Amino acid sequence: MTTPLLRLQGLTKAYPGVVANDTVSFDIGEGEVHALLGENGAGKSTLVKMIYGLVKPDSGTMELRGQPFAPSEPRTARADGIAMVFQHFSLFDALDVAENVALGMENPPAMNDLASRIRDVSETYGLPLDPYRRVGDLSAGERQRVEIIRCLLQDPKLLIMDEPTSVLTPQEVDILFQTLQKLRSEGTSILYISHKLEEIRALCDHATILRLGKNVGECIPSETSARQMAELMVGDTLQTPERGGREFGEIALDISGLSVPSPSEFGTALKNLHLTVRKGEVLGIGGVAGNGQDELLGVLSGEITTDRDAVKLAGQPIGKEGPTARRRMGLLTAPEERLGHAAAPDMSLTENALLTGSVREGLENRGFLKWAEAQGFAKKIIKAFDVRTPGPENAARSLSGGNLQKFVIGREVLQDPDVLVVNQPTWGVDAAAAAAIRQAILDLAAGGAAVVCISQDLDELMEISDSFAALNEGRLSAPRPTTELSVDEIGLMMGGAHGIEVAHV
Amino acid sequence: MIVLEKRPQPSQAWSLATPIVAVLATMFFGGLLFAALGKNPVESIMTIFWEPLFGEFSFYYRPQLLVKGAPLVLIAIGLSLGFKAGIWNIGAEGQYIMGAIVGAGVGLAFYPLEAWYIFPLMVIGGALGGWAWAMIPAFLKVRFGTNEILVSLMLVYVAEQMLASVSLGLLKNPEGFGFPGSRNFQSYASAYNAELIEGSGMHWGVVAALIAVIFAYVLLNRHMLGFHIRLTGEAPRAARFAGVNPARLILFCLGLAGALAGLAGLFEVSGPSGQITIDFNVGYGFTAIIVAFLGRLHPVGILLAGSLMALTYIGGEIAQSELGLPAAAIQVFQGMLLFFLLAFDLLTNYRLRLALKEVA
């Protein structure tokens, strides 16, 4: 029997109040692409942090090629051939690619040598990248290449990738997969963290599934259905959102010729937007982050006011109305950022229910607050959306991301909107909660509401939306019926892949 | 190595214990300071905290507690609403002065007419004076995005110059033998803010302070506007999302704080102080910032904190005259209180954890 590259035995790590990893054991073979699957909070991040030396296990051992392996810090892990690409990039926008790579190295060579090495590596692995380009000008996919190349220059034995495709267009995902397959063919092992099951089925040789910190099963992804894997992750049978055939009603929301300058230095200006949503219709708006999603939500919520006639709700011009007036008229929104935008972190759930619910739920009387009713509304949200919390008096920040998201979406859905706009409704939410949120959105549409769903998750948009449009640099493509579209076409609409050379492996 | 770890929920226990621990720490380190100055630390602390309440001359000092505490509480209540919303009015001292000048000016304009409506008009004048002075930083912030901390603070010094000017000119007592300062309201019954109960120290300013406490409590806990104030301080983006108009909130918070500071100035000038003089202001507007934080920006807390600060004021004066402690030492002592309060406040949101440095 061959020695595996990395063997984990009984790794346990407990934090106050929660066991993040409970006696997790598995092997990663040489040249194997190993998937680590699990819902949010299943302990995936803690586990890879232990391998990368960021966190010390309470008990359990690791062996690297049969030798005891206990990295005390990332530097020693790197010295032993472990490299990691984080979900969030750590790059300096103002520096060029080579400078960024040099900053991550222990003993960077002279810039010219480094630049030629970056060229070599990038060509070998089909990741074209000019070492002298400024990182600030790169797309998300190209930034990820910088991180990957930084790792590859260390000649790693094990490359850890944390949710690498969450920021990529479909074309960029293809390029990444070709690179990873080439790495595997050269004998590099890859530990691939994701919750996107189809990706894992396409790429990975072996999968370990974590649930609540425990290893609950292993499988060969290509021989297992996505549904089976999802059910292993959740530990329950999974409800697929259902959509009934619907007739669309009259136009509920109408945006025409909307242009808004960027509200901040780092924002995106919206340029000549047109869209209409009818009653009962779900319009999906895709696009890579930072192409105007936040601004579009702000324009619809009333946080950014525009020309009076640029935004119309059921024929009424509302461009100059603020958030409260729009809520009264039936236009509700749920922003992407849960903590600090959709909810106040240090305030209780009751207070957060009041935050948007006061007008439609009648939680105030001439300005005086009705606390009992507000608490009742918070309890109603908690119950209807299965928000896991001891009670409505708890602070919003004490909830996990998924639970808070259920609360935020539930708060708007239960107010019975005529038009609901959501931005990234299931971002960072586990599979079961995501399914519940999507079902709630579809139910709302079935009840005759118009829904605009802004999301970067294409699978989600394909699943719930009737028509699809893409935001790219503040411009919106013309909406098209989702059923007529292929993933490739959507990728082209998103335009995120433009200007990127195709891999030539 | 000691590391700070963020608590998942703010600790309720620490939130309540912080002011008490801070007072105890101030007593301890203040005692060390007094010892270093060659005084008996126990006696000094006793003088500051015990003497005004239960000492030999407490019959004189106890009313003084109300006289000193009322303006502090009144100003601090106004400041606390702004502070809760993240609006930093540091210039209450100037608003206090302007309230006194305008209020006194209204009263003096009627002299020597005796009529029931004069004092109420002075009260309105005082509130308007403070409000108008606070509207300067408010308007500049809303219109041009200036920093209200700097503008309100600088306007304190402008107000002090105005005070000197009117003491020597516009409001100078024509029968004052050339001395700077206005007529004394003590001898002008219609404009005098007299004690409501003889010898109690209870004047209209104390009543106003108590009303302000109740008003602020109801506003913050029962009213949408108070909710929006708290929301703006906790999460400005969420407040925008909830429909709060930031400009309107800035105008309201600064304006209210200015009006209350102006009221405090009016009650002071027409009562305990009695006249406009060059050195009329004694720093209530700045001390009220400490009071607001010592009271955790909570109306009832501010009431208690204002009383405590008044105690250290009066006790400090006694310690100066009886033990010969320098005035600067008393100010350091009061400063310590704010320092320890802010330091211990950290424990409400963080816990300390001892971490052994891992050996590489």
# chains A, B, ... in the order shown; residues from 1 in each chain; ligands from 1
call {"tool": "residues_around", "arguments": {"residues": "segment 292-304 of chain B", "least_positions_apart": "2", "cutoff": "6 Å", "atoms": "only C-alpha atoms", "output": "NGL selection string"}}
result
:B and (73 or 76 or 80 or 213 or 217 or 288-290 or 306-307)
call {"tool": "write_last_selection", "arguments": {"atoms": "N, CA and C atoms", "output": "mmCIF file, in the first residue's frame"}}
result
data_model
loop_
_atom_site.group_PDB
_atom_site.id
_atom_site.type_symbol
_atom_site.label_atom_id
_atom_site.label_comp_id
_atom_site.auth_asym_id
_atom_site.auth_seq_id
_atom_site.Cartn_x
_atom_site.Cartn_y
_atom_site.Cartn_z
ATOM 1 N N VAL B 73 -26.214 67.627 33.936
ATOM 2 C CA VAL B 73 -27.158 66.634 33.441
ATOM 3 C C VAL B 73 -27.885 67.163 32.213
ATOM 4 N N ALA B 76 -25.489 67.157 29.315
ATOM 5 C CA ALA B 76 -25.074 65.798 28.941
ATOM 6 C C ALA B 76 -26.199 65.040 28.252
ATOM 7 N N SER B 80 -25.672 63.371 24.727
ATOM 8 C CA SER B 80 -25.730 61.910 24.612
ATOM 9 C C SER B 80 -26.551 61.489 23.389
ATOM 10 N N VAL B 213 -34.275 64.325 31.372
ATOM 11 C CA VAL B 213 -33.950 62.908 31.574
ATOM 12 C C VAL B 213 -35.132 62.047 31.145
ATOM 13 N N TYR B 217 -35.358 59.557 27.924
ATOM 14 C CA TYR B 217 -35.630 58.136 28.138
ATOM 15 C C TYR B 217 -36.768 57.673 27.233
ATOM 16 N N ALA B 288 -19.597 67.988 30.897
ATOM 17 C CA ALA B 288 -20.795 67.233 30.517
ATOM 18 C C ALA B 288 -20.466 66.105 29.541
ATOM 19 N N ILE B 289 -19.381 66.264 28.769
ATOM 20 C CA ILE B 289 -18.976 65.175 27.862
ATOM 21 C C ILE B 289 -18.594 63.956 28.694
ATOM 22 N N ILE B 290 -17.824 64.216 29.783
ATOM 23 C CA ILE B 290 -17.461 63.119 30.685
ATOM 24 C C ILE B 290 -18.724 62.516 31.295
ATOM 25 N N GLY B 306 -24.043 62.678 36.554
ATOM 26 C CA GLY B 306 -24.022 64.115 36.811
ATOM 27 C C GLY B 306 -23.928 64.397 38.297
ATOM 28 N N SER B 307 -24.661 63.608 39.083
ATOM 29 C CA SER B 307 -24.584 63.777 40.532
ATOM 30 C C SER B 307 -23.186 63.472 41.032
#
call {"tool": "interface_residues", "arguments": {"of": "chain B", "to": "chain A", "cutoff": "9 Å", "atoms": "only C-alpha atoms", "output": "list in words"}}
result
Pro8, Gln9, Pro10, Leu219, Asn221, Arg222, His223, Met224, Leu225, Phe227, His228, Leu231, Glu234, Ala235, Pro236, Arg237, Ala238, Ala239, Arg240, Phe241, Ala242, Gly243, Val244, Asn245, Glu358, Val359 and Ala360 of chain B
call {"tool": "write_last_selection", "arguments": {"atoms": "C-alpha atoms", "output": "compact mmCIF listing (two decimals), in the first residue's frame"}}
result
# COMPACT_ATOMS: atom_id res chain seq x y z
CA PRO B 8 -20.46 37.29 20.61
CA GLN B 9 -22.88 39.47 22.60
CA PRO B 10 -22.02 42.63 24.55
CA LEU B 219 -37.46 59.27 23.11
CA ASN B 221 -36.91 53.69 24.23
CA ARG B 222 -40.35 54.39 22.91
CA HIS B 223 -40.05 56.59 19.85
CA MET B 224 -39.07 56.00 16.24
CA LEU B 225 -36.79 59.04 16.26
CA PHE B 227 -34.64 54.29 17.46
CA HIS B 228 -33.27 56.00 14.38
CA LEU B 231 -29.56 52.87 14.61
CA GLU B 234 -24.76 51.46 15.49
CA ALA B 235 -24.89 50.99 11.73
CA PRO B 236 -25.09 54.10 9.53
CA ARG B 237 -25.71 52.12 6.35
CA ALA B 238 -28.53 50.18 7.95
CA ALA B 239 -30.01 53.49 9.08
CA ARG B 240 -29.97 54.82 5.52
CA PHE B 241 -31.59 51.57 4.44
CA ALA B 242 -34.24 51.96 7.14
CA GLY B 243 -35.09 55.37 5.71
CA VAL B 244 -33.24 57.71 8.06
CA ASN B 245 -32.36 61.05 6.53
CA GLU B 358 3.42 29.12 20.47
CA VAL B 359 7.00 27.98 20.03
CA ALA B 360 8.00 27.74 16.42
call {"tool": "select_by_dssp", "arguments": {"residues": "segment 159-210 of chain A", "states": "alpha helix (DSSP H)", "output": "CSV table (one decimal) with N, CA and C atoms, in the first residue's frame"}}
result
chain,number,residue,atom,x,y,z
A,170,PRO,N,-18.3,31.5,-16.0
A,170,PRO,CA,-18.2,30.1,-16.4
A,170,PRO,C,-16.9,29.9,-17.3
A,171,GLN,N,-16.6,30.8,-18.1
A,171,GLN,CA,-15.4,30.6,-19.0
A,171,GLN,C,-14.1,30.6,-18.1
A,172,GLU,N,-14.1,31.5,-17.1
A,172,GLU,CA,-12.9,31.5,-16.2
A,172,GLU,C,-12.8,30.2,-15.4
A,173,VAL,N,-14.0,29.6,-15.1
A,173,VAL,CA,-14.0,28.4,-14.3
A,173,VAL,C,-13.4,27.3,-15.2
A,174,ASP,N,-13.7,27.3,-16.5
A,174,ASP,CA,-13.1,26.3,-17.4
A,174,ASP,C,-11.6,26.4,-17.4
A,175,ILE,N,-11.1,27.6,-17.5
A,175,ILE,CA,-9.7,27.8,-17.6
A,175,ILE,C,-9.0,27.3,-16.3
A,176,LEU,N,-9.7,27.6,-15.2
A,176,LEU,CA,-9.1,27.2,-13.9
A,176,LEU,C,-9.0,25.6,-13.8
A,177,PHE,N,-10.1,25.0,-14.3
A,177,PHE,CA,-10.2,23.5,-14.2
A,177,PHE,C,-9.1,22.9,-15.1
A,178,GLN,N,-8.8,23.5,-16.2
A,178,GLN,CA,-7.8,22.9,-17.1
A,178,GLN,C,-6.4,23.0,-16.4
A,179,THR,N,-6.2,24.2,-15.7
A,179,THR,CA,-5.0,24.3,-14.9
A,179,THR,C,-4.8,23.3,-13.8
A,180,LEU,N,-5.9,23.1,-13.1
A,180,LEU,CA,-5.9,22.2,-12.0
A,180,LEU,C,-5.6,20.8,-12.5
A,181,GLN,N,-6.2,20.4,-13.7
A,181,GLN,CA,-6.0,19.1,-14.2
A,181,GLN,C,-4.6,18.9,-14.6
A,182,LYS,N,-4.0,19.9,-15.1
A,182,LYS,CA,-2.6,19.8,-15.5
A,182,LYS,C,-1.7,19.6,-14.3
A,183,LEU,N,-2.0,20.3,-13.3
A,183,LEU,CA,-1.3,20.2,-12.0
A,183,LEU,C,-1.4,18.8,-11.5
A,184,ARG,N,-2.6,18.2,-11.5
A,184,ARG,CA,-2.8,16.8,-11.1
A,184,ARG,C,-1.9,15.9,-11.9
A,185,SER,N,-1.9,16.1,-13.2
A,185,SER,CA,-1.2,15.2,-14.1
A,185,SER,C,0.3,15.3,-13.8
A,197,LEU,N,-21.7,21.4,-6.1
A,197,LEU,CA,-21.6,19.9,-6.3
A,197,LEU,C,-21.2,19.6,-7.7
A,198,GLU,N,-21.7,20.3,-8.7
A,198,GLU,CA,-21.4,19.9,-10.1
A,198,GLU,C,-20.0,20.1,-10.4
A,199,GLU,N,-19.4,21.1,-9.8
A,199,GLU,CA,-17.9,21.3,-10.0
A,199,GLU,C,-17.1,20.2,-9.5
A,200,ILE,N,-17.5,19.8,-8.3
A,200,ILE,CA,-16.8,18.7,-7.6
A,200,ILE,C,-16.9,17.4,-8.4
A,201,ARG,N,-18.1,17.2,-9.0
A,201,ARG,CA,-18.3,16.0,-9.8
A,201,ARG,C,-17.4,16.0,-11.0
A,202,ALA,N,-17.2,17.2,-11.6
A,202,ALA,CA,-16.5,17.3,-12.8
A,202,ALA,C,-15.0,17.2,-12.6
A,203,LEU,N,-14.5,17.6,-11.4
A,203,LEU,CA,-13.1,17.8,-11.2
A,203,LEU,C,-12.5,16.8,-10.2
call {"tool": "residues_around", "arguments": {"residues": "Phe29 of chain B", "least_positions_apart": "3", "cutoff": "12 Å", "atoms": "only C-alpha atoms", "output": "PyMOL selection string"}}
result
chain B and resi 22-26+32-36+41-42+45+329+332-337+339-340
call {"tool": "write_last_selection", "arguments": {"atoms": "N, CA and C atoms", "output": "PDB file, in the first residue's frame"}}
result
ATOM      1  N   ALA B  22     -14.728  51.776  37.358  1.00  0.00           N
ATOM      2  CA  ALA B  22     -13.962  52.967  36.985  1.00  0.00           C
ATOM      3  C   ALA B  22     -13.851  53.937  38.161  1.00  0.00           C
ATOM      4  N   VAL B  23     -14.947  54.098  38.903  1.00  0.00           N
ATOM      5  CA  VAL B  23     -14.909  55.000  40.063  1.00  0.00           C
ATOM      6  C   VAL B  23     -13.925  54.463  41.103  1.00  0.00           C
ATOM      7  N   LEU B  24     -13.965  53.145  41.333  1.00  0.00           N
ATOM      8  CA  LEU B  24     -13.049  52.552  42.318  1.00  0.00           C
ATOM      9  C   LEU B  24     -11.599  52.730  41.877  1.00  0.00           C
ATOM     10  N   ALA B  25     -11.327  52.478  40.589  1.00  0.00           N
ATOM     11  CA  ALA B  25      -9.957  52.623  40.095  1.00  0.00           C
ATOM     12  C   ALA B  25      -9.509  54.079  40.214  1.00  0.00           C
ATOM     13  N   THR B  26     -10.428  55.007  39.936  1.00  0.00           N
ATOM     14  CA  THR B  26     -10.080  56.427  40.054  1.00  0.00           C
ATOM     15  C   THR B  26      -9.741  56.774  41.505  1.00  0.00           C
ATOM     16  N   LEU B  32      -3.179  57.545  45.006  1.00  0.00           N
ATOM     17  CA  LEU B  32      -1.723  57.490  44.776  1.00  0.00           C
ATOM     18  C   LEU B  32      -1.201  58.870  44.380  1.00  0.00           C
ATOM     19  N   LEU B  33      -1.966  59.528  43.508  1.00  0.00           N
ATOM     20  CA  LEU B  33      -1.571  60.869  43.058  1.00  0.00           C
ATOM     21  C   LEU B  33      -1.493  61.828  44.248  1.00  0.00           C
ATOM     22  N   PHE B  34      -2.543  61.789  45.104  1.00  0.00           N
ATOM     23  CA  PHE B  34      -2.555  62.689  46.246  1.00  0.00           C
ATOM     24  C   PHE B  34      -1.410  62.361  47.202  1.00  0.00           C
ATOM     25  N   ALA B  35      -1.122  61.041  47.356  1.00  0.00           N
ATOM     26  CA  ALA B  35      -0.015  60.640  48.215  1.00  0.00           C
ATOM     27  C   ALA B  35       1.300  61.191  47.683  1.00  0.00           C
ATOM     28  N   ALA B  36       1.433  61.131  46.341  1.00  0.00           N
ATOM     29  CA  ALA B  36       2.659  61.646  45.730  1.00  0.00           C
ATOM     30  C   ALA B  36       2.802  63.146  45.954  1.00  0.00           C
ATOM     31  N   PRO B  41      -3.769  60.088  51.414  1.00  0.00           N
ATOM     32  CA  PRO B  41      -4.699  59.712  50.337  1.00  0.00           C
ATOM     33  C   PRO B  41      -6.098  59.393  50.867  1.00  0.00           C
ATOM     34  N   VAL B  42      -6.203  58.685  51.983  1.00  0.00           N
ATOM     35  CA  VAL B  42      -7.513  58.298  52.498  1.00  0.00           C
ATOM     36  C   VAL B  42      -8.315  59.551  52.865  1.00  0.00           C
ATOM     37  N   ILE B  45      -9.496  61.409  49.648  1.00  0.00           N
ATOM     38  CA  ILE B  45     -10.633  60.766  48.989  1.00  0.00           C
ATOM     39  C   ILE B  45     -11.897  60.956  49.829  1.00  0.00           C
ATOM     40  N   ALA B 329      -4.637  69.081  40.368  1.00  0.00           N
ATOM     41  CA  ALA B 329      -4.724  67.694  40.823  1.00  0.00           C
ATOM     42  C   ALA B 329      -6.171  67.215  40.799  1.00  0.00           C
ATOM     43  N   VAL B 332      -6.997  66.493  37.211  1.00  0.00           N
ATOM     44  CA  VAL B 332      -6.421  65.206  36.814  1.00  0.00           C
ATOM     45  C   VAL B 332      -7.296  64.076  37.345  1.00  0.00           C
ATOM     46  N   PHE B 333      -7.757  64.245  38.577  1.00  0.00           N
ATOM     47  CA  PHE B 333      -8.606  63.247  39.211  1.00  0.00           C
ATOM     48  C   PHE B 333      -9.882  63.031  38.388  1.00  0.00           C
ATOM     49  N   GLN B 334     -10.478  64.128  37.940  1.00  0.00           N
ATOM     50  CA  GLN B 334     -11.696  64.009  37.131  1.00  0.00           C
ATOM     51  C   GLN B 334     -11.390  63.398  35.763  1.00  0.00           C
ATOM     52  N   GLY B 335     -10.225  63.741  35.225  1.00  0.00           N
ATOM     53  CA  GLY B 335      -9.823  63.170  33.949  1.00  0.00           C
ATOM     54  C   GLY B 335      -9.625  61.666  34.052  1.00  0.00           C
ATOM     55  N   MET B 336      -9.058  61.237  35.197  1.00  0.00           N
ATOM     56  CA  MET B 336      -8.851  59.799  35.417  1.00  0.00           C
ATOM     57  C   MET B 336     -10.158  59.032  35.295  1.00  0.00           C
ATOM     58  N   LEU B 337     -11.207  59.668  35.799  1.00  0.00           N
ATOM     59  CA  LEU B 337     -12.503  59.005  35.792  1.00  0.00           C
ATOM     60  C   LEU B 337     -12.910  58.648  34.360  1.00  0.00           C
ATOM     61  N   PHE B 339     -10.894  58.414  31.766  1.00  0.00           N
ATOM     62  CA  PHE B 339      -9.904  57.472  31.234  1.00  0.00           C
ATOM     63  C   PHE B 339     -10.237  56.037  31.640  1.00  0.00           C
ATOM     64  N   PHE B 340     -10.470  55.833  32.942  1.00  0.00           N
ATOM     65  CA  PHE B 340     -10.740  54.477  33.401  1.00  0.00           C
ATOM     66  C   PHE B 340     -12.065  53.965  32.848  1.00  0.00           C
TER      67      PHE B 340
END
call {"tool": "closest_residue", "arguments": {"among": "A:Asn107, A:Pro164, A:Leu91, A:Thr169", "to": "Leu138 of chain A", "atoms": "only C-alpha atoms"}}
result
A:Leu91
call {"tool": "residues_around", "arguments": {"residues": "Gly213 of chain A", "least_positions_apart": "4", "cutoff": "6 Å", "atoms": "only C-alpha atoms", "output": "list in words"}}
result
Ala20, Asn21, Asp22, Ala42 and Gly43 of chain A
call {"tool": "residues_around", "arguments": {"residues": "Thr482 of chain A", "least_positions_apart": "4", "cutoff": "8 Å", "atoms": "only C-alpha atoms", "output": "PyMOL selection string"}}
result
chain A and resi 462+465-468
call {"tool": "residues_around", "arguments": {"residues": "Gly78 of chain B", "least_positions_apart": "3", "cutoff": "10 Å", "atoms": "only C-alpha atoms", "output": "list in words"}}
result
Val73, Leu74, Ile75, Leu81, Gly82, Phe83, Asn89, Ala92, Ala212, Val213, Ala216, Cys253, Leu254, Gly255, Leu256, Ala257, Gly258, Ala259, Leu260, Ala261, Ala288, Ala292, Leu297 and Pro299 of chain B
call {"tool": "select_by_dssp", "arguments": {"residues": "segment 18-199 of chain A", "states": "strand (DSSP E)", "output": "PyMOL selection string"}}
result
chain A and resi 18-28+33-38+59-64+67-68+82-85+158-162+189-194
call {"tool": "residues_around", "arguments": {"residues": "Glu106 of chain A", "least_positions_apart": "6", "cutoff": "12 Å", "atoms": "only C-alpha atoms", "output": "PDB file with N, CA and C atoms, in the first residue's frame"}}
result
ATOM      1  N   PRO A  74       2.078  29.393   9.121  1.00  0.00           N
ATOM      2  CA  PRO A  74       1.997  29.167   7.676  1.00  0.00           C
ATOM      3  C   PRO A  74       3.371  29.040   7.011  1.00  0.00           C
ATOM      4  N   ARG A  75       4.368  29.754   7.541  1.00  0.00           N
ATOM      5  CA  ARG A  75       5.677  29.710   6.907  1.00  0.00           C
ATOM      6  C   ARG A  75       6.250  28.292   6.893  1.00  0.00           C
ATOM      7  N   THR A  76       6.108  27.593   8.038  1.00  0.00           N
ATOM      8  CA  THR A  76       6.638  26.231   8.077  1.00  0.00           C
ATOM      9  C   THR A  76       5.815  25.318   7.178  1.00  0.00           C
ATOM     10  N   ARG A  78       4.396  26.201   4.429  1.00  0.00           N
ATOM     11  CA  ARG A  78       4.842  26.480   3.056  1.00  0.00           C
ATOM     12  C   ARG A  78       6.180  25.807   2.779  1.00  0.00           C
ATOM     13  N   ALA A  79       7.055  25.843   3.788  1.00  0.00           N
ATOM     14  CA  ALA A  79       8.371  25.224   3.608  1.00  0.00           C
ATOM     15  C   ALA A  79       8.220  23.733   3.357  1.00  0.00           C
ATOM     16  N   ARG A 150       1.496  32.649  -7.428  1.00  0.00           N
ATOM     17  CA  ARG A 150       2.313  32.843  -6.230  1.00  0.00           C
ATOM     18  C   ARG A 150       2.525  31.501  -5.525  1.00  0.00           C
ATOM     19  N   LEU A 153       4.849  28.997  -7.709  1.00  0.00           N
ATOM     20  CA  LEU A 153       6.278  29.312  -7.692  1.00  0.00           C
ATOM     21  C   LEU A 153       6.980  28.607  -6.545  1.00  0.00           C
ATOM     22  N   GLN A 154       6.217  28.243  -5.521  1.00  0.00           N
ATOM     23  CA  GLN A 154       6.819  27.526  -4.394  1.00  0.00           C
ATOM     24  C   GLN A 154       6.934  26.034  -4.693  1.00  0.00           C
TER      25      GLN A 154
END
call {"tool": "atom_distance", "arguments": {"atom1": "atom CA of Phe144 of chain B", "atom2": "atom CA of Tyr96 of chain B"}}
result
25.0 Å
call {"tool": "atom_distance", "arguments": {"atom1": "atom CA of Glu175 of chain B", "atom2": "atom CA of Tyr111 of chain B"}}
result
12.8 Å
call {"tool": "closest_residue", "arguments": {"among": "A:Ala440, A:Val33, A:Leu258, A:Leu8", "to": "Glu186 of chain A", "atoms": "only C-alpha atoms"}}
result
A:Val33
call {"tool": "atom_distance", "arguments": {"atom1": "atom CA of Ile314 of chain B", "atom2": "atom CA of Met122 of chain B"}}
result
28.3 Å
